[in-house]
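Chemist: This is data-v4.cif, which holds mmCIF, C-alpha atoms:
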data_start
loop_
_atom_site.label_atom_id
_atom_site.label_comp_id
_atom_site.auth_asym_id
_atom_site.auth_seq_id
_atom_site.Cartn_x
_atom_site.Cartn_y
_atom_site.Cartn_z
CA MET U 1 174.57 -36.65 131.45
CA SER U 2 173.22 -38.51 134.50
CA LYS U 3 174.09 -42.13 135.25
CA GLN U 4 170.47 -43.03 134.45
CA GLU U 5 170.73 -41.36 131.04
CA ASP U 6 173.96 -43.26 130.47
CA ILE U 7 172.13 -46.55 131.12
CA TYR U 8 169.42 -45.86 128.52
CA LYS U 9 171.98 -44.59 126.02
CA ASN U 10 174.06 -47.76 126.45
CA GLN U 11 170.97 -49.95 126.08
CA ILE U 12 170.06 -48.24 122.82
CA GLU U 13 173.64 -48.59 121.61
CA MET U 14 173.56 -52.32 122.38
CA LEU U 15 170.37 -52.71 120.34
CA LEU U 16 171.84 -50.77 117.44
CA ALA U 17 175.01 -52.85 117.60
CA LYS U 18 172.83 -55.94 117.17
CA GLY U 19 171.28 -54.48 114.03
CA ILE U 20 167.92 -53.52 115.56
CA TYR U 21 166.37 -50.66 113.57
CA ILE U 22 165.42 -47.69 115.79
CA GLU U 23 163.60 -44.91 114.00
CA ASP U 24 163.24 -42.53 116.95
CA ARG U 25 165.87 -42.80 119.67
CA LEU U 26 164.07 -40.39 122.00
CA GLU U 27 160.93 -42.52 121.82
CA ALA U 28 163.01 -45.66 122.38
CA ARG U 29 164.62 -44.03 125.42
CA GLU U 30 161.17 -43.19 126.82
CA ILE U 31 160.00 -46.78 126.33
CA LEU U 32 163.11 -48.24 127.97
CA SER U 33 162.69 -45.85 130.91
CA ASN U 34 159.35 -47.53 131.67
CA LEU U 35 160.02 -51.07 130.48
CA SER U 36 162.95 -53.20 131.58
CA TYR U 37 165.54 -53.64 128.84
CA TYR U 38 165.74 -57.34 129.71
CA THR U 39 161.98 -57.72 129.39
CA PHE U 40 162.12 -55.96 126.02
CA ILE U 41 164.89 -58.11 124.53
CA GLY U 42 162.96 -61.21 125.59
CA TYR U 43 160.66 -60.49 122.65
CA ILE U 44 163.53 -60.37 120.13
CA PRO U 45 164.17 -63.86 118.67
CA ASN U 46 167.59 -65.31 119.49
CA PHE U 47 168.84 -61.98 120.84
CA ASN U 48 171.26 -63.45 123.37
CA ASN U 49 173.08 -65.48 120.73
CA LYS U 50 176.38 -63.64 120.24
CA GLU U 51 176.44 -64.63 116.57
CA THR U 52 173.03 -63.09 115.78
CA TYR U 53 172.96 -59.82 113.83
CA TYR U 54 169.64 -58.50 112.50
CA ASN U 55 170.86 -56.09 109.82
CA ASN U 56 167.98 -53.62 110.46
CA GLU U 57 165.41 -56.30 109.62
CA ILE U 58 163.83 -56.05 113.09
CA ASN U 59 162.14 -52.80 114.09
CA PHE U 60 162.26 -51.56 117.71
CA ASN U 61 158.69 -50.25 117.55
CA ASN U 62 157.38 -53.54 116.16
CA ILE U 63 158.96 -55.42 119.06
CA TYR U 64 157.35 -52.98 121.48
CA LYS U 65 153.95 -53.61 119.82
CA ILE U 66 154.44 -57.35 120.37
CA TYR U 67 155.19 -56.65 124.03
CA LEU U 68 151.95 -54.63 124.32
CA PHE U 69 149.98 -57.41 122.65
CA ASP U 70 151.46 -59.93 125.07
CA LYS U 71 150.65 -57.78 128.10
CA ARG U 72 147.03 -57.42 127.02
CA LEU U 73 146.80 -61.13 126.24
CA ARG U 74 147.88 -61.84 129.83
CA ASN U 75 145.15 -59.48 131.04
CA ILE U 76 142.56 -61.53 129.16
CA LEU U 77 143.99 -64.72 130.63
CA LEU U 78 143.85 -63.24 134.13
CA TYR U 79 140.18 -62.32 133.64
CA ILE U 80 139.33 -65.86 132.50
CA LEU U 81 141.39 -67.43 135.30
CA GLU U 82 139.34 -65.54 137.88
CA ILE U 83 136.11 -66.92 136.42
CA ILE U 84 137.48 -70.47 136.34
CA GLU U 85 138.86 -70.27 139.87
CA ASN U 86 135.59 -69.03 141.37
CA THR U 87 133.55 -71.69 139.58
CA LEU U 88 135.92 -74.51 140.53
CA LYS U 89 135.84 -73.47 144.17
CA THR U 90 132.04 -73.44 144.11
CA LYS U 91 131.70 -76.83 142.40
CA ILE U 92 134.29 -78.55 144.62
CA ALA U 93 132.91 -77.06 147.83
CA TYR U 94 129.34 -78.10 147.03
CA ALA U 95 130.45 -81.62 146.11
CA ILE U 96 132.41 -82.03 149.35
CA ASN U 97 129.54 -80.59 151.37
CA THR U 98 127.07 -82.99 149.70
CA GLU U 99 129.22 -86.08 150.35
CA LEU U 100 130.94 -85.24 153.63
CA GLY U 101 129.05 -82.39 155.25
CA HIS U 102 130.29 -78.86 155.72
CA LEU U 103 133.17 -79.86 158.06
CA GLY U 104 134.07 -83.17 156.42
CA TYR U 105 137.08 -81.63 154.72
CA LEU U 106 138.78 -81.38 158.15
CA ASP U 107 138.86 -85.18 158.59
CA ALA U 108 142.01 -86.69 157.05
CA THR U 109 140.33 -90.11 156.76
CA ASN U 110 138.08 -88.68 154.04
CA PHE U 111 141.12 -88.18 151.80
CA LYS U 112 143.41 -90.48 149.84
CA ASP U 113 146.71 -89.23 151.26
CA THR U 114 146.67 -88.13 154.89
CA ARG U 115 150.08 -86.44 154.64
CA GLU U 116 148.90 -84.38 151.69
CA HIS U 117 145.78 -83.47 153.66
CA LYS U 118 147.90 -82.39 156.64
CA MET U 119 149.94 -80.08 154.41
CA LEU U 120 146.76 -78.62 152.92
CA MET U 121 145.29 -77.93 156.36
CA SER U 122 148.57 -76.35 157.47
CA ASN U 123 148.50 -74.02 154.46
CA LEU U 124 144.86 -73.19 155.13
CA LYS U 125 145.60 -72.36 158.78
CA ARG U 126 148.47 -70.11 157.70
CA LEU U 127 146.27 -68.24 155.20
CA LEU U 128 143.44 -67.80 157.70
CA GLN U 129 145.89 -66.48 160.28
CA LYS U 130 147.37 -64.09 157.73
CA ASP U 131 143.95 -62.81 156.61
CA LYS U 132 142.17 -62.97 159.96
CA LYS U 133 141.53 -59.22 160.00
CA ILE U 134 139.68 -59.33 156.67
CA GLU U 135 136.08 -58.55 157.54
CA PHE U 136 134.32 -61.65 156.20
CA ILE U 137 137.01 -64.02 157.61
CA GLU U 138 136.95 -62.37 161.03
CA TYR U 139 133.15 -62.56 161.10
CA TYR U 140 132.89 -66.22 160.09
CA MET U 141 135.76 -67.33 162.33
CA LYS U 142 133.80 -65.98 165.30
CA GLU U 143 130.47 -67.25 163.96
CA TYR U 144 131.75 -70.83 163.54
CA SER U 145 134.26 -70.94 166.40
CA ASN U 146 137.26 -71.13 164.05
CA LYS U 147 135.88 -74.17 162.19
CA LEU U 148 134.77 -72.75 158.87
CA PRO U 149 132.40 -74.70 156.60
CA ILE U 150 134.03 -75.74 153.33
CA CYS U 151 131.83 -73.36 151.31
CA ILE U 152 133.29 -70.43 153.25
CA CYS U 153 136.92 -71.38 153.80
CA ILE U 154 137.48 -72.48 150.19
CA ASN U 155 137.36 -68.80 149.22
CA VAL U 156 140.84 -68.29 150.67
CA PHE U 157 142.33 -71.33 148.89
CA THR U 158 144.97 -70.60 146.27
CA MET U 159 144.72 -72.40 142.92
CA GLY U 160 147.60 -74.61 144.05
CA MET U 161 145.54 -75.61 147.09
CA ILE U 162 142.51 -76.26 144.89
CA ASN U 163 144.67 -78.56 142.78
CA SER U 164 145.86 -80.38 145.90
CA LEU U 165 142.32 -80.64 147.29
CA TYR U 166 140.80 -82.03 144.09
CA SER U 167 143.58 -84.57 143.50
CA ASN U 168 143.24 -85.90 147.07
CA ILE U 169 139.48 -86.12 147.62
CA SER U 170 137.60 -89.37 147.09
CA THR U 171 136.99 -90.60 143.56
CA SER U 172 133.23 -90.27 143.98
CA ILE U 173 133.58 -86.54 144.75
CA GLN U 174 136.07 -86.10 141.92
CA LYS U 175 133.58 -87.66 139.51
CA MET U 176 130.80 -85.42 140.79
CA VAL U 177 132.86 -82.32 140.01
CA ALA U 178 134.18 -83.62 136.68
CA LYS U 179 130.61 -84.33 135.56
CA GLU U 180 129.85 -80.60 135.87
CA TYR U 181 132.45 -80.03 133.16
CA LYS U 182 131.31 -82.97 131.01
CA THR U 183 134.65 -84.71 131.39
CA GLY U 184 136.48 -87.37 133.37
CA VAL U 185 138.53 -87.17 136.55
CA ASN U 186 141.90 -87.55 134.81
CA GLN U 187 141.05 -84.85 132.29
CA LEU U 188 139.83 -82.38 134.91
CA SER U 189 142.87 -83.08 137.08
CA SER U 190 145.09 -82.29 134.12
CA TRP U 191 143.15 -79.12 133.30
CA ILE U 192 143.36 -77.84 136.88
CA GLU U 193 147.09 -78.55 136.94
CA ASN U 194 147.52 -76.59 133.71
CA ILE U 195 145.41 -73.72 135.05
CA VAL U 196 147.69 -73.56 138.12
CA TYR U 197 150.69 -73.56 135.78
CA THR U 198 149.19 -70.76 133.66
CA ARG U 199 148.20 -68.77 136.75
CA ASN U 200 151.82 -68.85 137.91
CA LEU U 201 153.06 -67.73 134.49
CA VAL U 202 150.64 -64.81 134.42
CA ALA U 203 151.37 -63.84 138.03
CA HIS U 204 155.07 -63.58 137.21
CA TYR U 205 154.44 -61.63 133.98
CA MET U 206 155.97 -64.37 131.86
CA ARG U 207 155.90 -63.97 128.10
CA MET U 208 153.01 -65.77 126.40
CA TYR U 209 154.00 -64.81 122.86
CA ASN U 210 156.39 -67.30 121.25
CA PHE U 211 156.41 -69.31 124.48
CA LYS U 212 156.37 -73.11 124.45
CA LEU U 213 154.39 -74.75 127.24
CA GLN U 214 156.26 -77.23 129.41
CA LYS U 215 153.07 -79.26 129.75
CA THR U 216 149.86 -79.49 127.81
CA PRO U 217 146.32 -80.39 128.97
CA ALA U 218 144.83 -83.83 128.46
CA ASN U 219 142.29 -84.19 125.68
CA CYS U 220 138.69 -85.14 126.36
CA LYS U 221 136.60 -87.19 123.91
CA VAL U 222 133.44 -85.24 124.74
CA ASN U 223 134.82 -81.69 124.78
CA HIS U 224 137.77 -81.77 122.40
CA GLN U 225 136.03 -81.92 119.05
CA CYS U 226 139.29 -80.67 117.50
CA ASN U 227 142.19 -82.83 118.61
CA ILE U 228 144.78 -80.06 118.47
CA ILE U 229 147.98 -79.79 120.50
CA THR U 230 150.17 -76.78 119.73
CA TYR U 231 152.29 -76.59 122.90
CA ARG U 232 151.47 -72.88 122.82
CA ILE U 233 149.06 -70.76 124.86
CA PHE U 234 146.21 -71.77 122.51
CA ASP U 235 146.10 -75.14 124.28
CA ILE U 236 145.23 -73.33 127.51
CA PHE U 237 142.55 -71.21 125.83
CA HIS U 238 141.13 -74.46 124.44
CA ILE U 239 140.53 -75.98 127.89
CA MET U 240 139.39 -72.63 129.25
CA LYS U 241 136.52 -72.94 126.77
CA PHE U 242 135.35 -75.99 128.72
CA LEU U 243 136.13 -74.60 132.17
CA VAL U 244 134.15 -71.39 131.67
CA LEU U 245 130.62 -72.73 132.01
CA ASP U 246 128.88 -69.46 131.21
CA LYS U 247 128.33 -69.69 127.44
CA GLN U 248 127.18 -66.06 127.13
CA GLU U 249 130.23 -64.75 128.97
CA TRP U 250 132.57 -66.82 126.80
CA ASN U 251 130.95 -66.20 123.40
CA ASN U 252 129.74 -62.62 123.86
CA HIS U 253 132.58 -61.12 125.87
CA ILE U 254 135.76 -63.19 125.99
CA ILE U 255 135.91 -64.25 122.33
CA PRO U 256 135.12 -60.73 121.00
CA THR U 257 137.72 -59.20 123.36
CA LEU U 258 140.33 -61.67 122.16
CA ASP U 259 139.34 -61.07 118.55
CA MET U 260 139.66 -57.28 118.90
CA LEU U 261 143.10 -57.67 120.43
CA ILE U 262 144.31 -59.88 117.58
CA ILE U 263 142.87 -57.53 114.95
CA GLU U 264 144.54 -54.51 116.59
CA TYR U 265 147.98 -56.13 116.52
CA GLU U 266 147.69 -58.46 113.52
CA GLN U 267 150.33 -56.56 111.50
CA TYR U 268 152.91 -57.13 114.25
CA ILE U 269 152.24 -60.67 115.46
CA GLU U 270 152.36 -64.17 114.02
CA LEU U 271 149.35 -66.19 115.15
CA GLU U 272 151.24 -69.48 115.04
CA LEU U 273 153.55 -68.20 117.78
CA ILE U 274 150.59 -68.36 120.18
CA GLY U 275 149.28 -71.55 118.57
CA PHE U 276 146.26 -69.88 116.94
CA SER U 277 145.16 -70.99 113.49
CA LYS U 278 143.13 -68.85 111.07
CA ASP U 279 139.95 -70.63 112.17
CA TRP U 280 140.64 -70.20 115.90
CA LYS U 281 137.24 -68.60 116.53
CA ASP U 282 135.41 -71.60 115.05
CA ILE U 283 137.36 -73.85 117.41
CA LEU U 284 136.96 -71.76 120.56
CA ILE U 285 133.31 -70.72 120.20
CA LYS U 286 130.96 -72.57 122.54
CA ASN U 287 128.12 -74.28 120.65
CA ASN U 288 126.45 -75.97 123.61
#
If you convert what's in this file into structure tokens, what do you get?
Modeler:
Amino acid sequence: MSKQEDIYKNQIEMLLAKGIYIEDRLEAREILSNLSYYTFIGYIPNFNNKETYYNNEINFNNIYKIYLFDKRLRNILLYILEIIENTLKTKIAYAINTELGHLGYLDATNFKDTREHKMLMSNLKRLLQKDKKIEFIEYYMKEYSNKLPICICINVFTMGMINSLYSNISTSIQKMVAKEYKTGVNQLSSWIENIVYTRNLVAHYMRMYNFKLQKTPANCKVNHQCNIITYRIFDIFHIMKFLVLDKQEWNNHIIPTLDMLIIEYEQYIELELIGFSKDWKDILIKNN
């Protein structure tokens, strides 16, 4: 037996010793050869507690189904995050261009905190240098003599940079952007911060299922018709409803995709562990 085979055999033995029910050891070995053991056990409640023994009440295949559900839930989140990011960049760039002109973002005096602005510009310079061979960047850098208009350069901003930009621009510009989302500056600032947080979780393949958020988005009197805080991923989906401005995209694609995923895995998952109630569709559907 190879050392690699020994590893999988030992992993299966450790699961069995904990009282995890494994119906087909060959299938379990195949799964563990493609999925990290430590990722897998992250979906087993209280697994690392030495006192915990499951007495065959937890099924290996059921845990794997939860993992698959979680992976596909992250894929949905990633799709929505892309929509939100592109729209935010567009709204913020247009607002800055309207108030300050297309190069006004380069002037530190147009921002609340000049040190924060300096850091932002340093990060932007680094990204442009890194991506200078990308066709559209190379073209526009030459076209505008290395001083890119905000509507162009904002495309290379990370979500963290977008968060920094929005929190530091003038209040009048912040209000202009927040109005697009029918909310206030404080609420939108909180939502962007939570989107950055979620983006980082998704980028690092963090578990969404049975995960408690370290922060939760601010409520908005206009948008939050249901004042619900679950400290689960539902809270993020709730604000995504307001941040995705395309009603057809949200109602006719995102909600049905999410619904199909939940239906497919409903026998393996507990909705409350992602903060979803039985009437989650009524809450998340966009009516206006």
Chemist: When you count only C-alpha atoms, which of these residues is closest to U:Val244: U:Met14, U:Ile44, U:Leu284, U:Leu100?
Modeler: U:Leu284
Chemist: Name all residues at most 10 Å from U:Asn287 (count all atoms listed in the file; drop same-chain ones fewer than 5 positions away) and give them as an MDAnalysis selection string.
Modeler: chainID U and resid 247 251 282
Chemist: Using all atoms listed in the file, what does the table of stretch 111-184 of chain U residues within 7 Å of stretch 190-198 of chain U look like, with each row giving the shortest atom pair and its distance in Å to one decimal, sorted by chain and ascending number, as a tab-separated table?
Modeler:
residue	atom	partner	partner_atom	distance
U:Met159	CA	U:Val196	CA	5.8
U:Gly160	CA	U:Val196	CA	6.0
U:Asn163	CA	U:Ile192	CA	6.1
Chemist: With distances taken over all atoms listed in the file, which residue among U:Lys9, U:Lys50, U:Thr216, U:Ile269 lies nearest U:Phe69?
Modeler: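 Using all atoms listed in the file, U:Phe69 sits closest to U:Ile269.
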Chemist: Hey, what's within 9 Å of stretch 119-133 of chain U if we count all atoms listed in the file and toss same-chain stuff fewer than 4 positions away? As a list in words, please?
Modeler: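 Residues near the query, excluding close chain neighbours: Leu106, Thr114, Arg115, Ile137, Glu138, Met141, Cys153, Ile154, Val156, Phe157, Met161, Ser164 and Leu165 of chain U.
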Chemist: Counting only C-alpha atoms, which residue out of U:Tyr38, U:Tyr209, U:Tyr94, U:Tyr79 sits closest to U:Tyr268?
Modeler: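 Of the candidates, the smallest distance to U:Tyr268 is held by U:Tyr209.
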Chemist: Name the residues in contact with U:Ser172 at a cut-off of 10 Å, using only C-alpha atoms, excluding same-chain residues fewer than 6 positions from it; report them as number ranges by chain.
Modeler: U: 95-96, 99, 178, 185
Chemist: Is it possible to get the residues within 12 Å of (140.5, -82.6, 134.2) (coordinates as in the file, counting all atoms listed in the file) written as JSON, numbers by chain?
Modeler: {"U": [88, 163, 166, 167, 174, 175, 177, 178, 179, 180, 181, 182, 183, 184, 185, 186, 187, 188, 189, 190, 191, 192, 193, 194, 195, 216, 217, 218, 219, 220, 221, 223, 239, 240, 242, 243]}
Chemist: Translate the PyMOL selection byres ((chain U and resi 21-29) around 10) into a concrete residue list for this structure, as a CSV table (one decimal) with C-alpha atoms, keeping the file's coordinate frame.
Modeler:
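Dumped everything to part.csv:
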chain,number,residue,atom,x,y,z
U,5,GLU,CA,170.7,-41.4,131.0
U,7,ILE,CA,172.1,-46.6,131.1
U,8,TYR,CA,169.4,-45.9,128.5
U,9,LYS,CA,172.0,-44.6,126.0
U,11,GLN,CA,171.0,-50.0,126.1
U,12,ILE,CA,170.1,-48.2,122.8
U,13,GLU,CA,173.6,-48.6,121.6
U,15,LEU,CA,170.4,-52.7,120.3
U,16,LEU,CA,171.8,-50.8,117.4
U,17,ALA,CA,175.0,-52.8,117.6
U,18,LYS,CA,172.8,-55.9,117.2
U,19,GLY,CA,171.3,-54.5,114.0
U,20,ILE,CA,167.9,-53.5,115.6
U,30,GLU,CA,161.2,-43.2,126.8
U,31,ILE,CA,160.0,-46.8,126.3
U,32,LEU,CA,163.1,-48.2,128.0
U,33,SER,CA,162.7,-45.8,130.9
U,34,ASN,CA,159.4,-47.5,131.7
U,35,LEU,CA,160.0,-51.1,130.5
U,54,TYR,CA,169.6,-58.5,112.5
U,55,ASN,CA,170.9,-56.1,109.8
U,56,ASN,CA,168.0,-53.6,110.5
U,57,GLU,CA,165.4,-56.3,109.6
U,58,ILE,CA,163.8,-56.0,113.1
U,59,ASN,CA,162.1,-52.8,114.1
U,60,PHE,CA,162.3,-51.6,117.7
U,61,ASN,CA,158.7,-50.2,117.6
U,62,ASN,CA,157.4,-53.5,116.2
U,64,TYR,CA,157.4,-53.0,121.5
